[in-house]
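For reference, coords00.txt (compact mmCIF, C-alpha atoms):
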```txt
# COMPACT_ATOMS: atom_id res chain seq x y z
CA MET A 1 -6.41 -0.34 -10.92
CA TRP A 2 -7.66 1.75 -8.06
CA ILE A 3 -9.53 0.73 -4.92
CA TYR A 4 -11.83 3.19 -3.16
CA GLU A 5 -11.56 3.68 0.57
CA LYS A 6 -14.74 5.02 2.17
CA LYS A 7 -12.93 7.68 4.20
CA LEU A 8 -11.11 10.98 3.73
CA GLU A 9 -7.32 11.19 3.92
CA TYR A 10 -7.70 13.87 6.61
CA PRO A 11 -10.85 15.16 8.37
CA VAL A 12 -12.65 18.08 6.76
CA LYS A 13 -14.54 20.35 9.14
CA VAL A 14 -16.24 23.72 8.85
CA SER A 15 -17.59 25.91 11.66
CA CYS A 16 -20.51 27.24 9.62
CA PRO A 17 -21.79 27.37 6.04
CA ASP A 18 -19.92 29.94 3.95
CA PRO A 19 -20.80 29.94 0.22
CA ARG A 20 -18.33 32.76 -0.43
CA MET A 21 -15.47 30.57 0.78
CA ALA A 22 -16.90 27.64 -1.22
CA LYS A 23 -16.58 29.79 -4.33
CA TYR A 24 -12.95 30.64 -3.57
CA ILE A 25 -12.00 27.05 -2.74
CA MET A 26 -13.46 25.83 -6.06
CA THR A 27 -10.25 26.84 -7.78
CA GLN A 28 -8.48 24.01 -5.94
CA LEU A 29 -10.97 21.58 -7.48
CA GLY A 30 -11.26 22.79 -11.07
CA GLY A 31 -8.65 25.54 -11.41
CA PRO A 32 -5.26 25.48 -13.17
CA ASP A 33 -3.24 24.57 -10.08
CA GLY A 34 -5.96 22.59 -8.35
CA GLU A 35 -5.95 19.03 -7.12
CA LEU A 36 -7.71 17.62 -10.19
CA SER A 37 -5.08 19.16 -12.48
CA ALA A 38 -2.37 17.66 -10.27
CA ALA A 39 -3.86 14.16 -10.30
CA ILE A 40 -4.46 14.11 -14.07
CA ARG A 41 -1.01 15.60 -14.76
CA TYR A 42 0.92 12.99 -12.73
CA LEU A 43 -1.20 10.00 -13.70
CA ASN A 44 -0.61 10.74 -17.40
CA GLN A 45 3.07 11.65 -17.16
CA ARG A 46 3.98 8.45 -15.31
CA PHE A 47 3.67 6.23 -18.39
CA THR A 48 6.74 7.65 -20.11
CA MET A 49 9.02 8.12 -17.08
CA PRO A 50 12.44 6.52 -17.69
CA THR A 51 13.12 5.38 -14.11
CA ASN A 52 11.19 3.21 -11.71
CA MET A 53 11.64 5.87 -9.03
CA ALA A 54 9.81 8.43 -11.16
CA LYS A 55 7.11 5.92 -12.18
CA ALA A 56 6.46 5.02 -8.54
CA LEU A 57 6.50 8.60 -7.29
CA LEU A 58 4.10 9.89 -9.95
CA THR A 59 1.76 6.96 -9.33
CA ASP A 60 1.75 7.52 -5.58
CA ILE A 61 1.53 11.31 -5.59
CA GLY A 62 -1.11 11.16 -8.36
CA THR A 63 -3.11 8.80 -6.17
CA GLU A 64 -2.76 11.04 -3.12
CA GLU A 65 -3.96 13.99 -5.24
CA MET A 66 -7.19 12.06 -5.92
CA ALA A 67 -7.71 11.95 -2.15
CA HIS A 68 -7.13 15.72 -2.07
CA VAL A 69 -9.74 16.21 -4.82
CA GLU A 70 -12.17 14.43 -2.50
CA MET A 71 -11.22 16.64 0.46
CA ILE A 72 -11.76 19.82 -1.59
CA GLN A 73 -15.10 18.51 -2.89
CA THR A 74 -16.09 17.81 0.72
CA MET A 75 -15.13 21.35 1.78
CA ILE A 76 -17.26 22.85 -1.00
CA TYR A 77 -20.15 20.49 -0.18
CA MET A 78 -20.04 21.37 3.53
CA LEU A 79 -19.69 25.12 2.94
CA MET A 80 -22.72 25.13 0.60
CA LYS A 81 -24.90 22.81 2.68
CA ASN A 82 -27.73 24.49 4.64
CA THR A 83 -27.34 27.81 2.82
CA THR A 84 -30.29 29.78 1.49
CA VAL A 85 -30.63 30.94 -2.10
CA GLU A 86 -30.27 34.49 -0.76
CA GLU A 87 -26.90 33.68 0.81
CA ILE A 88 -25.78 31.95 -2.38
CA LYS A 89 -26.71 35.03 -4.43
CA GLU A 90 -24.84 37.29 -2.03
CA ALA A 91 -21.75 35.11 -2.34
CA GLY A 92 -21.73 35.65 -6.09
CA LEU A 93 -22.84 32.10 -6.85
CA GLY A 94 -26.25 32.96 -8.33
CA GLY A 95 -25.09 31.97 -11.81
CA TYR A 96 -23.65 28.72 -10.49
CA TYR A 97 -26.90 27.94 -8.66
CA ALA A 98 -28.95 28.64 -11.80
CA ILE A 99 -27.10 25.91 -13.69
CA ARG A 100 -26.47 23.29 -11.02
CA ASP A 101 -28.03 24.12 -7.65
CA LYS A 102 -25.36 23.12 -5.06
CA ALA A 103 -23.83 20.29 -7.07
CA ILE A 104 -20.08 19.79 -7.13
CA TYR A 105 -18.46 20.66 -10.48
CA PRO A 106 -14.81 21.12 -11.47
CA ALA A 107 -14.58 24.80 -12.34
CA ASP A 108 -12.40 27.56 -10.92
CA SER A 109 -13.52 30.37 -8.58
CA VAL A 110 -14.85 32.48 -11.43
CA GLY A 111 -16.65 29.65 -13.22
CA ASN A 112 -14.19 28.55 -15.90
CA PRO A 113 -14.63 24.80 -16.34
CA TRP A 114 -11.64 22.52 -15.82
CA THR A 115 -9.65 21.86 -18.99
CA ALA A 116 -6.78 19.54 -19.90
CA ALA A 117 -5.04 22.66 -21.23
CA TYR A 118 -4.01 23.26 -17.57
CA ILE A 119 -1.59 20.34 -17.68
CA GLN A 120 1.31 19.12 -19.75
CA SER A 121 2.77 15.72 -20.45
CA ILE A 122 5.54 15.87 -23.03
CA GLY A 123 7.54 12.68 -22.62
CA ASP A 124 10.68 14.40 -21.37
CA VAL A 125 11.46 13.58 -17.75
CA ILE A 126 13.36 16.82 -17.05
CA ALA A 127 10.61 19.00 -18.51
CA ASP A 128 7.79 17.03 -16.91
CA LEU A 129 9.35 16.99 -13.44
CA HIS A 130 10.06 20.72 -13.64
CA GLU A 131 6.38 21.29 -14.47
CA ASP A 132 5.46 19.17 -11.44
CA LEU A 133 7.77 21.14 -9.14
CA ALA A 134 6.24 24.42 -10.34
CA ALA A 135 2.71 23.01 -9.98
CA GLU A 136 3.33 22.12 -6.33
CA GLN A 137 4.63 25.63 -5.58
CA LYS A 138 1.66 27.24 -7.34
CA ALA A 139 -0.77 25.06 -5.40
CA ARG A 140 1.00 25.98 -2.15
CA ALA A 141 0.66 29.68 -2.98
CA VAL A 142 -3.06 29.26 -3.74
CA TYR A 143 -3.59 27.54 -0.38
CA GLU A 144 -1.91 30.51 1.29
CA HIS A 145 -4.27 32.87 -0.56
CA LEU A 146 -7.23 30.77 0.63
CA LEU A 147 -5.94 30.73 4.22
CA SER A 148 -5.84 34.53 4.18
CA LEU A 149 -9.48 34.65 2.96
CA THR A 150 -11.03 32.86 5.97
CA ASP A 151 -11.07 33.11 9.77
CA ASP A 152 -12.72 29.72 10.27
CA PRO A 153 -10.22 27.71 12.40
CA LEU A 154 -11.75 24.35 11.45
CA LEU A 155 -11.65 25.05 7.73
CA LYS A 156 -8.12 26.41 8.09
CA ASP A 157 -6.99 23.13 9.65
CA GLY A 158 -7.89 21.21 6.48
CA LEU A 159 -6.40 23.87 4.21
CA ARG A 160 -3.15 23.84 6.23
CA PHE A 161 -2.90 20.07 5.84
CA LEU A 162 -3.28 20.37 2.06
CA ARG A 163 -0.75 23.21 1.89
CA GLU A 164 1.77 21.10 3.79
CA ARG A 165 1.33 18.18 1.38
CA GLU A 166 2.30 20.46 -1.53
CA VAL A 167 5.56 21.19 0.29
CA VAL A 168 6.27 17.48 0.80
CA HIS A 169 5.44 16.62 -2.82
CA PHE A 170 7.76 19.39 -4.02
CA GLN A 171 10.55 17.90 -1.89
CA ARG A 172 10.01 14.38 -3.29
CA PHE A 173 9.83 15.59 -6.92
CA GLY A 174 13.12 17.45 -6.36
CA GLU A 175 14.74 14.24 -5.12
CA ALA A 176 13.44 12.29 -8.15
CA LEU A 177 14.79 14.99 -10.46
CA ARG A 178 18.25 14.88 -8.85
CA ASN A 179 18.23 11.09 -9.15
CA VAL A 180 17.45 11.28 -12.86
CA GLU A 181 20.19 13.86 -13.40
CA GLU A 182 22.76 11.93 -11.36
CA TYR A 183 22.42 8.79 -13.38
CA SER A 184 22.26 10.88 -16.57
CA ILE A 185 19.33 8.95 -17.90
CA ARG A 186 19.09 11.36 -20.76
CA LYS A 187 22.31 10.95 -22.70
CA LYS A 188 21.04 12.53 -25.87
CA HIS A 189 23.35 13.92 -28.51
CA PHE A 190 22.24 16.49 -30.98
CA MET B 1 -22.06 10.24 14.40
CA GLU B 2 -21.16 8.22 17.45
CA LYS B 3 -18.03 9.35 19.25
CA GLU B 4 -16.32 5.96 19.30
CA ARG B 5 -16.67 5.53 15.56
CA VAL B 6 -15.14 8.95 14.86
CA GLU B 7 -12.28 8.26 17.27
CA MET B 8 -11.53 4.92 15.62
CA LEU B 9 -11.63 6.56 12.20
CA ARG B 10 -9.27 9.32 13.35
CA ARG B 11 -6.75 6.74 14.59
CA ILE B 12 -6.92 4.95 11.23
CA GLN B 13 -6.38 8.26 9.43
CA GLU B 14 -3.34 8.98 11.59
CA VAL B 15 -1.67 5.62 10.97
CA GLU B 16 -2.57 5.65 7.29
CA PHE B 17 -1.08 9.11 6.98
CA ALA B 18 2.20 7.79 8.41
CA CYS B 19 2.08 5.07 5.73
CA ILE B 20 1.37 7.57 2.92
CA ASP B 21 4.19 9.86 3.96
CA LEU B 22 6.69 7.04 4.49
CA ASN B 23 5.67 5.51 1.15
CA LEU B 24 6.53 8.73 -0.71
CA TYR B 25 9.77 9.05 1.26
CA LEU B 26 10.75 5.46 0.45
CA ASP B 27 10.05 6.07 -3.25
CA THR B 28 13.06 8.39 -3.30
CA HIS B 29 15.04 6.70 -0.45
CA PRO B 30 14.62 2.99 -1.22
CA THR B 31 17.62 1.90 0.87
CA ASP B 32 16.70 3.67 4.12
CA GLN B 33 16.29 0.61 6.34
CA ARG B 34 14.91 2.48 9.35
CA ALA B 35 12.19 4.13 7.30
CA LEU B 36 11.35 0.77 5.72
CA MET B 37 11.02 -0.87 9.14
CA GLU B 38 8.75 1.92 10.29
CA PHE B 39 6.67 1.63 7.13
CA ASN B 40 6.18 -2.10 7.59
CA SER B 41 5.28 -1.68 11.24
CA TYR B 42 2.70 1.08 10.54
CA SER B 43 1.33 -0.92 7.64
CA GLN B 44 0.73 -3.94 9.88
CA GLN B 45 -0.90 -1.73 12.50
CA LEU B 46 -3.11 -0.15 9.84
CA MET B 47 -4.36 -3.47 8.53
CA MET B 48 -5.29 -4.60 12.04
CA MET B 49 -7.09 -1.33 12.80
CA LYS B 50 -9.06 -1.45 9.55
CA ARG B 51 -10.11 -5.04 10.16
CA GLN B 52 -11.28 -4.05 13.65
CA PHE B 53 -13.19 -1.02 12.32
CA GLU B 54 -14.87 -3.08 9.60
CA SER B 55 -15.96 -5.78 12.04
CA VAL B 56 -18.01 -3.14 13.87
CA TYR B 57 -19.00 -0.59 11.20
CA GLY B 58 -18.93 -2.48 7.92
CA PRO B 59 -16.79 -2.41 4.77
CA MET B 60 -14.32 0.42 4.23
CA THR B 61 -13.07 -0.65 0.77
CA ASN B 62 -14.79 -1.84 -2.40
CA PHE B 63 -14.03 -4.49 -5.04
CA GLY B 64 -13.24 -7.37 -2.72
CA PHE B 65 -10.89 -5.76 -0.24
CA SER B 66 -13.59 -5.92 2.45
CA GLN B 67 -16.29 -8.52 3.09
CA SER B 68 -19.92 -7.74 3.84
CA GLN B 69 -22.65 -9.04 6.11
CA TYR B 70 -26.19 -9.52 4.71
CA PRO B 71 -27.58 -7.31 3.25
CA TRP B 72 -24.78 -5.76 1.13
CA ALA B 73 -23.42 -3.22 3.61
CA TRP B 74 -21.38 -1.08 1.20
CA LEU B 75 -24.43 1.15 0.69
CA GLU B 76 -24.67 2.20 4.31
CA ASP B 77 -24.01 5.78 5.26
CA PRO B 78 -22.26 7.88 6.31
CA TRP B 79 -20.28 8.57 3.15
CA PRO B 80 -16.97 10.40 3.72
CA TRP B 81 -18.41 13.86 3.01
CA GLU B 82 -21.25 13.34 5.48
CA ILE B 83 -19.15 12.73 8.58
CA GLU B 84 -19.03 15.34 11.32
CA TYR B 85 -15.80 14.96 13.21
```
Can the structure in the file be given as structure tokens, please?
Amino acid sequence: MWIYEKKLEYPVKVSCPDPRMAKYIMTQLGGPDGELSAAIRYLNQRFTMPTNMAKALLTDIGTEEMAHVEMIQTMIYMLMKNTTVEEIKEAGLGGYYAIRDKAIYPADSVGNPWTAAYIQSIGDVIADLHEDLAAEQKARAVYEHLLSLTDDPLLKDGLRFLREREVVHFQRFGEALRNVEEYSIRKKHF
Amino acid sequence: MEKERVEMLRRIQEVEFACIDLNLYLDTHPTDQRALMEFNSYSQQLMMMKRQFESVYGPMTNFGFSQSQYPWAWLEDPWPWEIEY
């Protein structure tokens, strides 16, 4: 069960509309290493985790990722708001506008729609946690790419917050992995 | 949006963030007593702040975690993506 809180996890601000940046940021909504991929990945993997620590951590980080999805959607919404069709065309979003105006949709920066093929859930705690560790590092790298694509200090503040959360999640997943290994949960013999 | 409302919301976000971060930390450090004490203290503070916010600006959570005045106040804006901080 989930309860909705009518607030963002962290404030999202932009100095001015910037449809080009909206297009770039879309990858963190509907791209391979975006927030939606992260949430769906963790919230599916948690069912077959062998330890309560891993079940709790995937539940909680998966839930926080849903809040990050909302922050990214808000960034895209704010960056597209009050833009003209001309500006949208110039930003390379003419095709996007033709289909859906300024609506929010989970696709990456070049228009590929989100797909479950971006995630894995294979019922093996070592493999799943390693995927999660890699996912956090990839998301961190993408946030760094996005930070280098804008000069807007207000937008950067939100992006920096999200980048930092990837670092913290990576740390926590590493601790859960060491815990699983220490107690040798997987004593399989082949 | 009015300044006071944004300031109150910002304080809630700050305390809730402390709770989120401590929650994840406690998931992998369940016997850290100091962190647990801090978590419980922030959590108590957060509940009080939310109750105070809701008494002025209306429900913050759905499905029974907040009560509403007449008429059903959940519909009222601003929605989270409409707030200018």
Using only C-alpha atoms, tabulate the residues of chain B lying at most 8 Å from any atom of chain A, each with its closest atom pair and that distance in Å to one decimal, by chain and increasing residue number, as CSV.
```
residue,atom,partner,partner_atom,distance
B:Arg10,CA,A:Pro11,CA,7.8
B:Gln13,CA,A:Glu9,CA,6.3
B:Phe17,CA,A:Glu9,CA,7.3
B:Leu24,CA,A:Leu57,CA,6.6
B:Tyr25,CA,A:Arg172,CA,7.0
B:Asp27,CA,A:Leu57,CA,5.9
B:Thr28,CA,A:Ala176,CA,6.2
B:Met60,CA,A:Lys6,CA,5.1
B:Thr61,CA,A:Glu5,CA,4.6
B:Asn62,CA,A:Tyr4,CA,5.9
B:Phe63,CA,A:Ile3,CA,6.9
B:Trp79,CA,A:Lys6,CA,6.7
B:Pro80,CA,A:Lys7,CA,4.9
B:Trp81,CA,A:Thr74,CA,5.1
B:Glu84,CA,A:Lys13,CA,7.1
B:Tyr85,CA,A:Lys13,CA,6.9
```
Atom CA of A:Phe161 and atom CA of B:Gln52, how far apart in Å?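 That distance, rounded to one decimal, is 26.7 Å.
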For B:Ser41, list every protein, DNA or RNA residue within 12 Å, evaluated using all atoms listed in the file, and leave out those in the same chain fewer than 3 positions away; present the list as a list in words.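 Within the cut-off, the hits are Val15, Glu16, Ala18, Cys19, Leu22, Arg34, Ala35, Leu36, Met37, Glu38, Gln44, Gln45, Leu46, Met47 and Met48 of chain B.
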Atom CA of B:Pro78 to atom CA of B:Tyr57, distance in Å rounded to a single decimal: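 According to the coordinates, atom CA of B:Pro78 and atom CA of B:Tyr57 are separated by 10.3 Å.
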Taking into account only C-alpha atoms, which residue in the set A:Ile119, A:His68, A:Tyr24, A:Ser109 is nearest to A:Glu131?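 Among the listed residues, A:Ile119 lies closest to A:Glu131.
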For B:Leu9, work out the shell of residues within 9 Å, counting only C-alpha atoms and skipping chain neighbours fewer than 4 positions away, then give it as a list in words.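 Here the answer would be Lys7 of chain A; Glu4, Arg5, Gln13, Glu14, Lys50 and Phe53 of chain B.
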Atom CA of B:Phe39 and atom CA of A:Thr48, how far apart in Å?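 The value is 27.9 Å.
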Of the candidates A:Gly92, A:Trp114, A:Ser148, A:Thr51, which one gets nearest to A:Glu182 if we count only C-alpha atoms? A:Thr51
Excluding B:Ser68 and its own-chain neighbours fewer than 5 positions away, which residues fall within 9 Å of it when counting all atoms listed in the file? Please give them as a VMD selection string. chain B and resid 54 58 to 59 73 to 74
Please provide the set of residues having any atom within 7 Å of A:Thr59, restricted to all atoms listed in the file, with same-chain residues fewer than 4 positions apart removed, written as a PyMOL selection string. chain A and resi 42-43+46+55+63
Stretch 82-99 of chain A rebuilt with N, CA and C atoms, output as a JSON list (two decimals), in the frame of the given file:
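Final output, rebuild.json:
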```json
[["chain", "number", "residue", "atom", "x", "y", "z"],
["A", 82, "ASN", "N", -26.93, 23.65, 3.73],
["A", 82, "ASN", "CA", -27.73, 24.49, 4.64],
["A", 82, "ASN", "C", -27.59, 25.98, 4.38],
["A", 83, "THR", "N", -27.35, 26.38, 3.14],
["A", 83, "THR", "CA", -27.34, 27.81, 2.82],
["A", 83, "THR", "C", -28.63, 28.13, 2.07],
["A", 84, "THR", "N", -29.07, 29.38, 2.20],
["A", 84, "THR", "CA", -30.29, 29.78, 1.49],
["A", 84, "THR", "C", -29.91, 30.32, 0.11],
["A", 85, "VAL", "N", -30.88, 30.40, -0.77],
["A", 85, "VAL", "CA", -30.63, 30.94, -2.10],
["A", 85, "VAL", "C", -30.13, 32.40, -1.98],
["A", 86, "GLU", "N", -30.69, 33.10, -0.99],
["A", 86, "GLU", "CA", -30.27, 34.49, -0.76],
["A", 86, "GLU", "C", -28.77, 34.57, -0.45],
["A", 87, "GLU", "N", -28.32, 33.69, 0.44],
["A", 87, "GLU", "CA", -26.90, 33.68, 0.81],
["A", 87, "GLU", "C", -26.02, 33.30, -0.39],
["A", 88, "ILE", "N", -26.53, 32.37, -1.20],
["A", 88, "ILE", "CA", -25.78, 31.95, -2.38],
["A", 88, "ILE", "C", -25.65, 33.11, -3.38],
["A", 89, "LYS", "N", -26.74, 33.86, -3.53],
["A", 89, "LYS", "CA", -26.71, 35.03, -4.43],
["A", 89, "LYS", "C", -25.71, 36.06, -3.92],
["A", 90, "GLU", "N", -25.76, 36.31, -2.62],
["A", 90, "GLU", "CA", -24.84, 37.29, -2.03],
["A", 90, "GLU", "C", -23.38, 36.89, -2.20],
["A", 91, "ALA", "N", -23.13, 35.59, -2.21],
["A", 91, "ALA", "CA", -21.75, 35.11, -2.34],
["A", 91, "ALA", "C", -21.26, 35.14, -3.80],
["A", 92, "GLY", "N", -22.13, 35.58, -4.69],
["A", 92, "GLY", "CA", -21.73, 35.65, -6.09],
["A", 92, "GLY", "C", -21.87, 34.32, -6.82],
["A", 93, "LEU", "N", -22.67, 33.42, -6.24],
["A", 93, "LEU", "CA", -22.84, 32.10, -6.85],
["A", 93, "LEU", "C", -24.22, 31.92, -7.48],
["A", 94, "GLY", "N", -24.92, 33.04, -7.73],
["A", 94, "GLY", "CA", -26.25, 32.96, -8.33],
["A", 94, "GLY", "C", -26.21, 32.26, -9.68],
["A", 95, "GLY", "N", -25.22, 32.58, -10.48],
["A", 95, "GLY", "CA", -25.09, 31.97, -11.81],
["A", 95, "GLY", "C", -24.81, 30.49, -11.71],
["A", 96, "TYR", "N", -23.98, 30.14, -10.74],
["A", 96, "TYR", "CA", -23.65, 28.72, -10.49],
["A", 96, "TYR", "C", -24.92, 27.96, -10.10],
["A", 97, "TYR", "N", -25.67, 28.55, -9.17],
["A", 97, "TYR", "CA", -26.90, 27.94, -8.66],
["A", 97, "TYR", "C", -27.93, 27.74, -9.79],
["A", 98, "ALA", "N", -27.99, 28.72, -10.69],
["A", 98, "ALA", "CA", -28.95, 28.64, -11.80],
["A", 98, "ALA", "C", -28.69, 27.39, -12.65],
["A", 99, "ILE", "N", -27.43, 27.08, -12.86],
["A", 99, "ILE", "CA", -27.10, 25.91, -13.69],
["A", 99, "ILE", "C", -27.21, 24.62, -12.90]]
```
